[in-house]
Structure formats: structure tokens, C-alpha cells
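Written below as C-alpha cells is the structure these notes are about.
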Amino acid sequence: YVVWSKDATLDEAGVIASTNRATLNSDGTFSFNSVEGEQNSTYYIYAVDIAGNISSAKEVQVQIDKTIPTVDSVVKEPGSVWTNGDVVITATASDSNATDANLASGINRVVYTTDGTLTESEILALGDSNKATYKDGGYSFTLKDEQQVAYYIYAIDNAGNISEAKTIEVKINKDKPSVDTVKKNPEYDWHNGVVTITGTVSSKANASPVVKVEYTTDNKIFNEATFNANEGTYEF
């Protein structure tokens, strides 16, 4: 028969008396189902023959972590709602066990996706193209393309547990807005009074909206026109 124990000091009498016996098969293989629950334990396995001789112990390490990790924070740089350049997302993650710190398997990787409907198996299958890079205590990735989308960030520990998602929205617009019309009043060339300039501006659909209109006569000193964002009109 085969005996298992978590006691490294078990003597021969203890082995013979133990009721922790594995199922022994005719082909010499054995199994036991007492390995359950969170643990980080060493098991000692003994074979006992019919004459009562006891083998030396074989050791096997069993590490079970059922506690999910946590994505502690997610920030983007720059932090503005819209930007016209690259965006760097940085996350921090942790894996801990309130009962016993030795039961935490540790963070294996942080992954990201724009699909918030992925199953656990699909999240685990995310490859290197969706894996954040670890550096200086944080997990980061860079976004370069134009987009307006939410990212779902997951931490995965060494036992395969998956954190709850943290989300962050990214809006990148690299298209310039346009000045569509310019009109002056009065319209004739020379005038001896006040001239009012009006017109319209626009940006592409789903792009960052125009927030102000400026004018200059020398490309050095700029003045801000009165701007109606709802109508896309300006005046000065």
C-alpha cells in the first residue's frame, strides 16, 4: 500500500499506523484525493510492501491558490479626455491572501482587450499582443492609432485566477479640424469702421470636437474668437 502525509517527521511506526492511504492500482500507479482547498504544502509519499518494509519518502509540492488577484489602479498619460498623440496605459496589480500570504501565487501577467464580453477561457488565451509590459512596478502598453474605445484590464495570477476588470476610455484623434467658411462684414475691401469676421468650423465625425477658435495677424500673437460650440460658428 501507499501512505501519504504532510508530516516531515513521520517515523516508521507512524507510516504503518497511518490511515492516509492512496488508491493503489495493479500497474503500480496510485492516487489520492486529499489534495483540496487552498494550500502551499509538501506531501511525503511512502510505499509499504507486504513484509512491512517502508520506502524512503518521495516529496511533492502542492500549491493551490483560489483567490483572485486585483487590478489596483489604471491610469493613462496624457490624462486628458482627448489627445492627438500616443497614449500610455499603466496598471498596477496585486495578489494577496488575507488568511496566509504563502497561499498567494503572485501576478503572472496583465492583459487588456476592447471586448468586454470575453469568457474566462478567452481571457486566459490572450497572447503577447494583448499583454502589458512590466517595468518599475507597473504594467503598461502604448496605443498609437486613432480610436475612441474602452479598454478592459485584467490581472492573471500564476494559478490562472483572473481579476475583475478595470476599464479606462481612450480617445485619440490625429485629424486636424477645419475652418470651413470665413466671412467679413462689410464685405468690401477697404473700410473706415469696425469689421466683423464670422464663419464656421468643423471636425470629422466621431473625432474630438472643436473647443476654441483663434486668430492672428502675425502667427505670433493669437487672440480667441467668440465661439459657439453647439453651432460650430465663430465671430470676432
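As shown in the C-alpha cells, the chain order sets the letters A, B, ...; within each chain, residues go from 1, and ligands are also counted from 1 in the order they appear.
For A:Ser31, the residues within 10 Å (counting only C-alpha atoms, excluding itself and residues fewer than 2 positions away along the chain) are Val2, Trp4, Arg21, Ala22, Thr23, Leu24, Asn25, Thr29, Asn33 and Ser34 of chain A.
Backbone DSSP assigns helix (DSSP H, G or I) in stretch 2-225 of chain A to Glu12, Ala13, Gly14, Val15, Ile16, Ala17, Ala101, Asn102, Leu103, Glu120, Ser121, Glu122, Ile123, Leu124, Asp128, Ser129 and Asn130 of chain A.
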Selection export as a short mmCIF file (atom, residue, chain, number, x, y, z; two decimals), in the first residue's frame, atoms kept: all heavy atoms:
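Output file again-v5.cif follows:
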data_model
loop_
_atom_site.label_atom_id
_atom_site.label_comp_id
_atom_site.auth_asym_id
_atom_site.auth_seq_id
_atom_site.Cartn_x
_atom_site.Cartn_y
_atom_site.Cartn_z
N GLU A 12 8.61 5.34 11.15
CA GLU A 12 8.12 4.11 10.55
C GLU A 12 6.83 3.64 11.20
O GLU A 12 5.89 3.20 10.52
CB GLU A 12 9.19 3.02 10.65
CG GLU A 12 10.39 3.25 9.74
CD GLU A 12 11.29 2.03 9.67
OE1 GLU A 12 11.02 1.05 10.40
OE2 GLU A 12 12.26 2.06 8.89
N ALA A 13 6.75 3.76 12.51
CA ALA A 13 5.53 3.37 13.19
C ALA A 13 4.35 4.24 12.75
O ALA A 13 3.23 3.75 12.59
CB ALA A 13 5.72 3.47 14.70
N GLY A 14 4.65 5.51 12.53
CA GLY A 14 3.60 6.43 12.08
C GLY A 14 3.13 6.09 10.67
O GLY A 14 1.93 6.21 10.35
N VAL A 15 4.05 5.67 9.83
CA VAL A 15 3.68 5.27 8.47
C VAL A 15 2.78 4.05 8.50
O VAL A 15 1.74 4.00 7.82
CB VAL A 15 4.95 5.00 7.62
CG1 VAL A 15 4.56 4.40 6.27
CG2 VAL A 15 5.76 6.27 7.43
N ILE A 16 3.17 3.04 9.29
CA ILE A 16 2.38 1.80 9.38
C ILE A 16 0.99 2.09 9.94
O ILE A 16 -0.02 1.52 9.49
CB ILE A 16 3.10 0.76 10.25
CG1 ILE A 16 4.45 0.36 9.62
CG2 ILE A 16 2.22 -0.46 10.49
CD1 ILE A 16 4.32 -0.32 8.29
N ALA A 17 0.90 3.00 10.90
CA ALA A 17 -0.37 3.28 11.56
C ALA A 17 -1.25 4.26 10.79
O ALA A 17 -2.44 4.41 11.10
CB ALA A 17 -0.10 3.83 12.96
N ALA A 101 -0.23 34.66 3.63
CA ALA A 101 0.49 35.26 2.49
C ALA A 101 1.15 34.20 1.62
O ALA A 101 1.35 34.41 0.43
CB ALA A 101 1.53 36.25 3.01
N ASN A 102 1.48 33.03 2.20
CA ASN A 102 2.13 31.97 1.44
C ASN A 102 1.19 31.30 0.45
O ASN A 102 1.63 30.49 -0.37
CB ASN A 102 2.70 30.92 2.39
CG ASN A 102 3.89 31.43 3.19
OD1 ASN A 102 4.69 32.20 2.66
ND2 ASN A 102 3.98 31.02 4.44
N LEU A 103 -0.11 31.60 0.53
CA LEU A 103 -1.07 30.98 -0.38
C LEU A 103 -1.31 31.81 -1.63
O LEU A 103 -2.08 31.41 -2.50
CB LEU A 103 -2.41 30.77 0.35
CG LEU A 103 -2.37 29.85 1.57
CD1 LEU A 103 -3.76 29.70 2.17
CD2 LEU A 103 -1.79 28.49 1.21
N GLU A 120 -13.79 33.58 -19.37
CA GLU A 120 -12.52 33.39 -18.66
C GLU A 120 -11.50 32.66 -19.53
O GLU A 120 -10.32 33.01 -19.54
CB GLU A 120 -12.77 32.62 -17.36
CG GLU A 120 -13.45 33.43 -16.28
CD GLU A 120 -13.37 32.77 -14.93
OE1 GLU A 120 -12.84 31.63 -14.84
OE2 GLU A 120 -13.83 33.37 -13.94
N SER A 121 -11.94 31.64 -20.26
CA SER A 121 -11.00 30.89 -21.10
C SER A 121 -10.45 31.77 -22.22
O SER A 121 -9.28 31.64 -22.60
CB SER A 121 -11.68 29.65 -21.69
OG SER A 121 -12.80 30.01 -22.47
N GLU A 122 -11.27 32.69 -22.74
CA GLU A 122 -10.80 33.60 -23.79
C GLU A 122 -9.82 34.62 -23.22
O GLU A 122 -8.86 35.01 -23.90
CB GLU A 122 -11.99 34.29 -24.44
CG GLU A 122 -12.82 33.36 -25.32
CD GLU A 122 -14.10 34.00 -25.80
OE1 GLU A 122 -14.68 34.85 -25.06
OE2 GLU A 122 -14.57 33.65 -26.90
N ILE A 123 -10.04 35.07 -21.99
CA ILE A 123 -9.10 36.00 -21.35
C ILE A 123 -7.76 35.31 -21.12
O ILE A 123 -6.69 35.87 -21.39
CB ILE A 123 -9.68 36.52 -20.02
CG1 ILE A 123 -10.91 37.39 -20.30
CG2 ILE A 123 -8.63 37.32 -19.24
CD1 ILE A 123 -11.69 37.75 -19.05
N LEU A 124 -7.79 34.06 -20.64
CA LEU A 124 -6.56 33.31 -20.41
C LEU A 124 -5.80 33.07 -21.71
O LEU A 124 -4.57 32.93 -21.71
CB LEU A 124 -6.87 31.98 -19.73
CG LEU A 124 -7.35 32.05 -18.28
CD1 LEU A 124 -7.81 30.68 -17.81
CD2 LEU A 124 -6.25 32.59 -17.37
N ASP A 128 0.58 37.55 -26.55
CA ASP A 128 1.54 38.62 -26.29
C ASP A 128 1.08 39.98 -26.82
O ASP A 128 1.44 41.02 -26.27
CB ASP A 128 2.90 38.28 -26.90
CG ASP A 128 3.61 37.17 -26.14
OD1 ASP A 128 3.20 36.89 -25.00
OD2 ASP A 128 4.56 36.58 -26.68
N SER A 129 0.29 39.97 -27.89
CA SER A 129 -0.18 41.24 -28.45
C SER A 129 -1.15 41.95 -27.53
O SER A 129 -1.43 43.13 -27.71
CB SER A 129 -0.83 41.00 -29.82
OG SER A 129 -1.96 40.16 -29.70
N ASN A 130 -1.68 41.25 -26.55
CA ASN A 130 -2.60 41.84 -25.57
C ASN A 130 -2.02 41.82 -24.16
O ASN A 130 -2.75 41.96 -23.19
CB ASN A 130 -3.93 41.09 -25.56
CG ASN A 130 -4.71 41.25 -26.84
OD1 ASN A 130 -4.51 40.51 -27.79
ND2 ASN A 130 -5.58 42.25 -26.89
#
- [ ] Counting only C-alpha atoms, figure out which residue out of A:Trp82, A:Ala225, A:Lys183, A:Asn108 gets nearest to A:Pro209.
- [x] A:Trp82
Closest atom pairs, stretch 159-206 of chain A residues within 12 Å of stretch 139-155 of chain A, only C-alpha atoms, as CSV:
residue,atom,partner,partner_atom,distance
A:Ala159,CA,A:Ala155,CA,11.5
A:Gly160,CA,A:Ala155,CA,9.6
A:Asn161,CA,A:Ala155,CA,8.3
A:Ile162,CA,A:Ala155,CA,5.9
A:Ser163,CA,A:Ala155,CA,5.3
A:Glu164,CA,A:Tyr154,CA,6.5
A:Ala165,CA,A:Tyr154,CA,5.1
A:Lys166,CA,A:Ile153,CA,5.2
A:Thr167,CA,A:Tyr152,CA,4.6
A:Ile168,CA,A:Tyr151,CA,5.4
A:Glu169,CA,A:Ala150,CA,4.1
A:Val170,CA,A:Val149,CA,5.6
A:Lys171,CA,A:Gln148,CA,4.3
A:Ile172,CA,A:Glu146,CA,4.8
A:Asn173,CA,A:Glu146,CA,5.3
A:Lys174,CA,A:Glu146,CA,6.5
A:Asp175,CA,A:Glu146,CA,8.7
A:Ala205,CA,A:Gln148,CA,11.5
A:Asn206,CA,A:Gln148,CA,7.9
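Using only C-alpha atoms, the residues found no farther than 10 Å from A:Ile197, other than those of its own chain fewer than 6 positions away, are A:Val182, A:Lys183, A:Lys184, A:Asn185, A:Pro186, A:Glu187, A:Ala225, A:Tyr234, A:Glu235, A:Phe236.
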- [ ] Pick out each residue of stretch 4-222 of chain A that DSSP on the backbone tags as strand (DSSP E or B); I need them as a PyMOL selection string.
- [x] chain A and resi 4-5+21+23-24+30-31+39-48+54+58-64+70-77+82-83+87-94+107-113+131+133-135+138-143+147-157+162+166-172+178-185+196-202+214-215
Task: d(atom CA of A:Val211, atom CA of A:Asn84) in Å - done: 13.9 Å
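Of the listed residues A:Gly85, A:Val3, A:Asp136, A:Pro78, the one whose atoms come nearest to A:Ala47 is A:Val3, with distances taken using only C-alpha atoms.
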